[in-house]
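Undergrad: To start, I am sharing the structure in question, which I have written as structure tokens.
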Amino acid sequence: MLQELSIKNFAIIENLQVSFEEGMTVLTGETGAGKSIIIDAVGLLAGGRGSNDLIRYGENKTVIQGLFGIPENAKTMAVLEAYGIEADGNQVLLQRELSRNGKNISRVNGTIVTVATLREVGETLIDIHGQNEHQELMDPQKHIDLLDQFAGKELKEVKTKYHVAFADYADKRKQLIQLRTDEKETVQRIDLLTFQIQEIEQAQLKDPAEDEKLEEERNLLVNYQKVMHALTSAYDSLQNSEENGIDKIGLGMAALEKVQDINPAYQTIAASVSAAYYQLQECAGDILSEIEQLSYDEGRLNEIENRLELLRQLKRKYGNTIPEVLVHYEKIAKELDLIENRESYLERLNLGYSKAKEEVLRIGKQLTVIRGKSAAALEKQIQLQLKELYMDKVLFKTVFHEQQGKTAITENGLDQVEFYIATNVGEPLKALAKVASGGELSRMMLAMKAIFTKTQGITSIIFDEVDTGVSGRVAQAIANKIHLVASYSQVLCITHLPQVAAMADQHLYIEKEIIADRTKTHVKPLFGEERINEVARMLAGTDITELSLAHAKELLDLADTEKNKA
């Protein structure tokens, strides 16, 4: 439910804080006081279209915030999880900012999101229905989902199996389409794959690190003279000259050995010099070995250069590394084998596709049967709801459109479902989405809301003057039906009907005043005598009499009695 609403600098609203309660809340007040502006703000908060025109005159930006309480298993939680938005217990905070410089910032629980994401979250929380607006029930594409929700657990279990079968069917169908490509393209593809395979095979790639090893060998050959000079100089300095370093160190070592027993410190120094002497002798031997192994082969260098260039060409075409080139080779080899043996593979795939299609059709027909039974039950419930709204002559029908060809199998099953109604005796059934809006359509919406609200999981439903154009017993029926909807979901309702206002669990009065030549809107909760006076005003207009007050009190008492029945 919508718990708190904060509006700053929106249209004629300067600063407004409103707390809402569970059940049915009505917003009443004089025309132009700002009732619909509050609903417009909530719509913007739920991802509706915004513009600079909505910002209060003289201000730079408008900020709207809404705090919603949600149950643990609400659809909202799944949406938040999908977008990586951290949930704050069982509450969701939506925020929308519009600035005159064009900035449009949306937040969910403090996380900045796109307007599209805000709208996706908002759709699970708020359902705004105005007299001239088409909502979920007016979208034929959504009718099958609503019917499935009404069908309940039995259909849900079968639908889960259908989704598995449909995924398998769709995958095999896609493979068949890919395999049945144009013959010319297939021949061209075979030529390309054959060339690539031969090119990689001729390279005889056996060692994944061959290029690294060749680079190392090449580096030695290119720097042969430099390396030979360095090694020779080092060897000569250590051992291959009359006054070489090792001999001199040997003389020092012998001298220290003569005095090492005199002082422990001399013994330590002597040991270190001795270790260095033998280590240098070993190093000199290693250097000589490297010199003897060094050789320069110009032919080998050219061979390495050519091989490295070949490997560079392969990596440029097929992968950044030799292992990636080999992976590409395996991939295209399998593809070529598939194409060259496409007839046998096509036969196997056709068999698999036929079985997958049989399975999806078998389960799809089960869905159709369950939907047919549910549609009949739904029609009876809708007719009952319409009768309570004094529309007993209206006919409601769930129509299953016949589908042909590949379009007959969809992700939702084999059915295309649409709601039809006939509002007058003798008139043919027409698509609900094409029926003109008005009093009858509003009552139709209420009838369907009374049924579907139980399963839709919407946190807050807003009715913006859906009761326009009705009165008397129809008005009371609408009031009762709105209160019934409020038993499953919080309802916010803008109304001019005293019967609807009397049924409210919370009554908010919207008024505006002029302060310092500026119009400001205020919200005031009504209780007791104030509420009686407002219902009397709605009954009698500007002249409130004792009779209208008595009538208002009677209407509120009758409403309490009606609510207690429920």
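The chains in the structure tokens are called A, B, ... from first to last as shown; in each chain the residues are counted from 1, and the ligands are counted from 1 in the order shown.
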Considering only C-alpha atoms, return as a list of chain:residue names whatever protein or nucleic-acid residues lie within 8 Å of region 377-392 of chain A, sequence-local ones (same chain, fewer than 2 positions apart) excluded.
TA: A:Leu147, A:Phe150, A:Lys373, A:Ser374, A:Ala375, A:Val394, A:Leu395, A:Phe396, A:Lys397, A:Thr398, A:Arg443, A:Met444, A:Ala447, A:Met448, A:Ala450, A:Ile451, A:Val474, A:Ala477, A:Ile478, A:Lys481
Undergrad: If we count only C-alpha atoms, what is near region 418-424 of chain A at a cut-off of 10 Å, once residues fewer than 2 positions away on the same chain are taken out, given as a ChimeraX atom specification?
TA: /A:137-144,147,375,379,391-401,415-416,426-435,440-441,444
Undergrad: Please return, as a PyMOL selection string, all residues of region 168-243 of chain A that DSSP assigns to alpha helix (DSSP H) on the basis of the backbone.
TA: chain A and resi 168-179+183-203+210-222+224-238
Undergrad: Pick the closest to Leu238 (chain A) from A:Leu288, A:Leu367, A:Val325, A:Val164: which is it, counting only C-alpha atoms?
TA: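 Ranked by minimum distance to Leu238 (chain A), first place goes to A:Leu288.
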Undergrad: Write out as a count of residues only which residues come within 12 Å of region 187-194 of chain A when counting only C-alpha atoms, dropping same-chain ones fewer than 4 positions away.
TA: 23
Undergrad: Would you work out the distance separating CA of Leu5 (chain A) from CA of Asp88 (chain A), expressed in Å to one decimal?
TA: 17.4 Å
Undergrad: Within 9 Å of Gly47 (chain A), counting only C-alpha atoms, which residues show up once you throw out same-chain ones fewer than 5 positions away? Write them as a list in words, please.
TA: Val42, Arg96, Ser106, Val115, Ala116, Thr117, Leu118, Arg119, Glu120, Val121, Gly122 and Glu123 of chain A
Undergrad: I'd like the contact shell of Gln17 (chain A) - 10 Å cut-off, only C-alpha atoms, skipping same-chain residues fewer than 6 positions apart - returned as JSON, numbers by chain.
TA: {"A": [4, 5, 6, 7, 8, 65, 66, 522, 523]}
Undergrad: Only N, CA and C atoms, please: the residues just picked out, written as an mmCIF file, in the first residue's frame.
TA:
data_model
loop_
_atom_site.group_PDB
_atom_site.id
_atom_site.type_symbol
_atom_site.label_atom_id
_atom_site.label_comp_id
_atom_site.auth_asym_id
_atom_site.auth_seq_id
_atom_site.Cartn_x
_atom_site.Cartn_y
_atom_site.Cartn_z
ATOM 1 N N GLU A 4 3.090 6.796 2.496
ATOM 2 C CA GLU A 4 3.394 8.218 2.582
ATOM 3 C C GLU A 4 3.635 8.768 1.177
ATOM 4 N N LEU A 5 3.158 10.001 0.959
ATOM 5 C CA LEU A 5 3.373 10.677 -0.311
ATOM 6 C C LEU A 5 3.869 12.090 -0.042
ATOM 7 N N SER A 6 4.990 12.443 -0.673
ATOM 8 C CA SER A 6 5.558 13.783 -0.527
ATOM 9 C C SER A 6 5.643 14.432 -1.904
ATOM 10 N N ILE A 7 5.062 15.636 -2.034
ATOM 11 C CA ILE A 7 5.043 16.357 -3.310
ATOM 12 C C ILE A 7 5.577 17.762 -3.075
ATOM 13 N N LYS A 8 6.592 18.145 -3.853
ATOM 14 C CA LYS A 8 7.153 19.492 -3.736
ATOM 15 C C LYS A 8 7.186 20.160 -5.108
ATOM 16 N N GLN A 65 8.016 11.866 -3.871
ATOM 17 C CA GLN A 65 8.448 10.643 -3.210
ATOM 18 C C GLN A 65 7.236 9.870 -2.721
ATOM 19 N N GLY A 66 7.326 8.557 -2.810
ATOM 20 C CA GLY A 66 6.248 7.703 -2.316
ATOM 21 C C GLY A 66 6.822 6.493 -1.600
ATOM 22 N N HIS A 522 -3.870 22.135 -0.101
ATOM 23 C CA HIS A 522 -3.692 21.480 1.190
ATOM 24 C C HIS A 522 -4.566 20.236 1.265
ATOM 25 N N VAL A 523 -4.161 19.295 2.086
ATOM 26 C CA VAL A 523 -4.937 18.073 2.325
ATOM 27 C C VAL A 523 -5.287 18.002 3.802
#
Undergrad: Going by DSSP on the backbone, which residues of region 109-310 of chain A come out as strand (DSSP E or B)? List them as a PyMOL selection string.
TA: chain A and resi 111-113+126-130
Undergrad: Find the residues around Tyr278 (chain A) up to 9 Å (only C-alpha atoms counted), leave out those fewer than 5 positions away in its own chain, and share them as a PyMOL selection string.
TA: chain A and resi 246+273+283
Undergrad: Can I get the selection written as a compact mmCIF listing (two decimals), in the first residue's frame, with N, CA, C and O atoms?
TA:
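Result written to part.txt:
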# COMPACT_ATOMS: atom_id res chain seq x y z
N ILE A 246 89.36 -14.50 -10.40
CA ILE A 246 89.28 -15.68 -9.54
C ILE A 246 90.63 -15.97 -8.89
O ILE A 246 90.70 -16.30 -7.70
N VAL A 273 84.69 -15.34 1.88
CA VAL A 273 85.54 -15.21 0.70
C VAL A 273 85.70 -16.56 0.02
O VAL A 273 85.67 -16.67 -1.21
N CYS A 283 80.40 -20.15 -11.69
CA CYS A 283 79.83 -19.21 -12.66
C CYS A 283 80.69 -19.16 -13.92
O CYS A 283 80.17 -19.12 -15.05
